[in-house]
Structure formats: structure tokens, C-alpha cells
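Here's the structure we're looking at; comments come further down.
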Amino acid sequence: MLKLGKNSKIIIFILFIVYSIIIITPFLNIVINSFKTLGEIFLAPFSLPSQLRWENYKETWNKANLGMAYLNSFLVSIFSVLGILIISSMFAFILSRYTFPLRKVLYLYVIAGLAFPARLAIIPIFIMLRDLKLLNSRIGLILLYMGTGVPFSVFLLKNFLDDIPKELEESAQIDGASPWMIFTNIALPLIRPALVVVAIVNFVSIWNDFFFPLILISDRSKETIPLAVSVFYGEFSNQWHLLSTALWLAVVPVMVIYAFMSREFISGMTQGAFK
Amino acid sequence: MKIKCFYFCVFVFPALFLYTIFVIYPFISSIHLSLFSWVGVGAKKYVGLKNFIDILFGNFKGEFFNAFWHNIYFFIVVSIIEVSLGFLIALGLASQIKGYHIFRSIIYLPNVISMVLVGFIWGLILNPQIGLVNQFLKFIGLSNLAKPWLGDPNLAFNTIIAVNIWRHLGFYVLVMLASIIGILPDYIEAGYIDGASNWQIIRKIIIPMTLPTAQTLILLLFIWSFSVFELVYALEGVQAGPFRSTDVLGTLFYRTAFGGLGSARMDLGLGAAIVTLMFIFILPVSFIYVRLVERRRQ
């Protein structure tokens, strides 16, 4: 790698400190504001709260419907990710391990989905879910996320499988193992690292998604976290202490998980979007 | 290996089915719908190419091209800044500074936060009277630099771009970093042995070898630039104020298809026509991207 003199290293180090401060400050701002009164936010923007006002948290949690929203976000994300893992790994397994007519065409058909933002096709999705009575439904969201998660997940898993030798599976087949046994007993354990990447990438994007819930969910009891905060933001636009609390409560779980697993997140998301 | 038809169907069907009905069918259906006028209920009225004519030449032209050029401007500014700055920061990280792992984690952090929440967080900070940015500028005696960041039509869209860069830059840094680390150390070592300066190493070895990555990033950015929505929604609302100065195709499309007061016309067919034009625009780039992805695998 580059060999730099001591002085340039110090300058670069300082620049990274500045950059880190620019990233951290917005989060710090909402944390500090979440403990202040409205008056303190206006009059003493840079000072620490005079006392920790935990009542902001209680008030926000109830008014912003966050308990329900957390449950919905959790259910939708978990079941979507599980669904994606199952259907995509089965599909990728077939694409990578078996020969059949039109295999290449089928593969290109699926990865074509990598090249278009799925949200552009929202009108027919909206109409279809409406006609199926799946608007305002967690199941509707889950099915949609499973469908839109397929191209990326199949692409990643298929490529991962392609790099693994298939001798083991071939001998298992000669011994009379069914494709199902080969898949669950041999292939799945081998692709575990890729499954982790697929799970993380999809989980983050589904957990954070705002666009689909905005259009497909209008019932407050079905809101996910970003939608609940957005609705709260519209209703309490002047209550900065409560808005800050809501924003902080919405981002803190992701930040905690990230703090423990940043390496997995980073390797997953960069190779994910990019392989 | 060969496989029986039964197993083939069981393994392939679920993913293929969901993908087809939630991705492929909606795209084709959007194109079909763009030939109709429809408010969402009742009968569709076939209007042929009228929607497209309205958008490109008729009374919807101003609104459409206003948003369209914002998307293009967004793409140009963001790709120049994110790719070049991402490269520079990645170079810094790659030169074995102290705290490498911590900096890497902090830099990537905004990428795991929901876009719309990022918008709201910055909305508080950029508030003209009580937001942190202007308070800070006043505090250090630069009160003439304290501006209505989101309220001035000349500033608002650039402010949104800046917030977007804050959210995404880490991704570009880490992709460029992976590309730089992927260069064989021998190349750089050989350069040093031949007496090359750091600047020469960067220009003659690192830049040429990371160029393909930068190119792919720019292709992706082009595709992603057409799905900009959340930040405008969170910071300026669906009306994309002030005076539509932050309007992008995403918000225009949202107003057209799903209403919102002040939309020039509410019509799912017209919305579908906007989206169809976006497909046509993205299609060549998508095609190159998929081919590139495929070729890289072989």
C-alpha cells in the first residue's frame, strides 16, 4: 500500500476525525434533544439537557404508535428475509447444479431484475394487491419483498455455489440421494456465508424501506417504523423534543446491531450490491 | 447433473412465481397502462399515445422536464462527488492510518439508517431559525452564511444532494477501498523500487486499476438516480417546494399516480407513462450493467 510520511499520516488522521464528527453530530443532536424540553432546544441549542427527561420517551412511544410499528417492522422483515432465503437458495441451487434447456435464459430473466428499481412498477403492484385484498396487509408486504428480493439473492447465491466444487453432490446423487436431500444436507451448509450476506442485505433494506409501506399501508395498526415516524412527524411538526425522541427510538436498534456486527454489514453490503 | 421434472418445479416455482408477479408483470403492465386514462376505479379509457404527447410536448411538458433535469443534475453532481471523494477517502484508509477499523465503521454508519429518517434528522438540523447548522454559524460569527437551506429555491436542491452524499458516501468509500486493496501489492512495491513517487503510483497504477470499479459505480448511480424520492419527501414534502425547485421524477410520479393536493392532474395512466419513459431511459444503461456483471463472472 501507499507509503506516507509521518506528517501526511497525521493530516489524514485529522481529516478522518473531522469526517467522523460530521457523521456523528446529527445522531448526537437527536439524542441530546430527546432529553430536553422544547424550550431548552430553542434557547440553549448547544448545551446538555438540564435534566434527563425520560417522560419524552414515554410520551413519544405512545403517541407515535412505536410499539405496534416495531412489531410490524419486525414481523415483516423477519418473514420476508426467511422467505427470500428459502426460495432464492432453492432456485440458485437448481441454476448452479443442474443442466436443463434454457438455463441461461432463465438466469438472465431473473438477474434482469437487478437493473431496474422495483419501485418504478408500483402502480400495477398497488392495483394487484388491492384486488387481492392485500392492501394494508403485512402478508402483502412480505410477498412483495420476497418477489423483489429474488434477483439479487439468486444472483449472489448462484455465483457463490458456482465456485464450490460439486463432486460431493454428484457422488451423493450416485448413492441415490434425492435433490431435496442433496440440497438440505450438502448444499445449504456449504453456502452458509452467502446466506448470511443475503440475510443482512435484505433485512437492512426491508427494515428501512419507506416507499412501499407509504403507498400500500394506510391503516395505523399496520405501519412499519419509517412510516410511523413519518406520520408522527406530520402530526407533531413543532414538537422538536418529541420528534427527536421518535427519530432516536427509530434508529437506535439498527445502530446497536450495527455496532456489534459492523464487519458483517460492511462486507455483506459492499459485495452484495457490487459483486 | 440431471433432475426430475417434479423436483425442478418444486425448487424453481416459488421464486420464479413471486419474481414474475411482483417485478416482471408490473413492469409490463405499467407500459400497457400508459396507453390509458384511468383514475384507479371504473373503466379504463384507451387514449393511445396521448399521455406521452402530453408529457413530452403538451401541457405536462414543463412539469415533467423540470423534474427530469433535476434527476440528471442529481446524477451528474452525485456521481462526480461520490466517486471521486469516495476514491480519495478510500486512498486515505488504505494508507494504513491509525483507527482503520473504527473509521471504516463510522464512515459506513449512515448507510444502515433508513433514508426517510435521515431526511427527517437533517430537516431538524437545517431548520433556518433553530437548526444546529445556522445556530453554529451564528455562534462562530458567520451569521451571514446562515441561510434558509431548504427554503431558498436556489439552494434547496443542492442541500438535498448534500444530505444524500452524507448518507451514501460511505458505500462508495468502501467499494473503492475494496478495489484498491484488490490491487496486487507487488505492483505498488515494484513501482516504489523503480523510484516512483506516491503521486505517480496513484496516477499510473491505482487509478487505472480502480477505473472499472468507478465505471460500474457510475452505471449503478445512473439507475439509482431515477429512484430518488425519500429525501425530497422528508425535507420538502410531495409538493417538492419551494416552487417545485426540488421536484424529481419520483415525487412527480407520486403526485400524478397517488394524488396529493396540487398535482396538475391525477391519473394512473399518466403516472404509468412517466414511469415508462423512465424505463426507456434506464434501459440501455441497465443492459450494459447486466452484461458487465455477467462478463465479470466469467
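Letters for chains follow the order of the C-alpha cells (A, B, ...), residue numbers begin at 1 for each chain, and ligand numbers begin at 1 in the order shown.
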
Inset, instruction - Define the interface residues of chain A facing chain B as those within 6 Å, counting only C-alpha atoms, and report them as a list in words. - result: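 Putting it all together, I get Leu2, Ile87, Met90, Phe91, Tyr98, Ala115, Ala121, Pro124, Gly147, Asn208 and Thr270 of chain A.
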
Limited to C-alpha atoms, could you put the picked residues into a file as a PDB file, in the first residue's frame?
ATOM      1  CA  LEU A   2       0.919   3.652  -0.145  1.00  0.00           C
ATOM      2  CA  ILE A  87     -36.952 -19.565  -2.262  1.00  0.00           C
ATOM      3  CA  MET A  90     -33.623 -23.411  -3.874  1.00  0.00           C
ATOM      4  CA  PHE A  91     -33.713 -21.538  -7.146  1.00  0.00           C
ATOM      5  CA  TYR A  98     -28.402 -28.944 -12.892  1.00  0.00           C
ATOM      6  CA  ALA A 115     -31.126  -3.439 -13.297  1.00  0.00           C
ATOM      7  CA  ALA A 121     -43.519  -0.523 -11.117  1.00  0.00           C
ATOM      8  CA  PRO A 124     -49.661  -2.357 -11.017  1.00  0.00           C
ATOM      9  CA  GLY A 147     -40.510 -11.150  -5.000  1.00  0.00           C
ATOM     10  CA  ASN A 208     -35.518   0.691   6.267  1.00  0.00           C
ATOM     11  CA  THR A 270     -20.465  -3.819  -0.373  1.00  0.00           C
TER      12      THR A 270
END

Inset, instruction - Within range 176-271 of chain A, find each residue whose DSSP state, derived from the backbone, is helix (DSSP H, G or I), and express the selection as a PyMOL selection string. - result: chain A and resi 179-190+192-208+211-216+220-222+225-235+240-271

Inset, instruction - Might you pull out every residue within 9 Å of Ser153 in chain A, with only C-alpha atoms counted and same-chain residues fewer than 6 positions away left off, and present them as JSON, numbers by chain? - result: {"A": [84, 85, 88, 89, 92, 195, 198, 199, 202, 272]}

Atoms to include: C-alpha atoms. Write the selected residues as a compact mmCIF listing (two decimals), in the first residue's frame.
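Wrote again_4.txt, looks like this:
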# COMPACT_ATOMS: atom_id res chain seq x y z
CA ILE A 84 -36.20 -14.90 0.46
CA LEU A 85 -33.58 -17.24 1.91
CA SER A 88 -33.74 -17.98 -3.53
CA SER A 89 -31.43 -20.71 -2.31
CA ALA A 92 -29.98 -20.80 -7.12
CA LEU A 195 -26.81 -16.86 3.16
CA VAL A 198 -28.20 -12.27 1.67
CA ALA A 199 -29.97 -12.11 5.03
CA ASN A 202 -32.26 -7.87 2.57
CA GLY A 272 -23.80 -7.50 -2.16
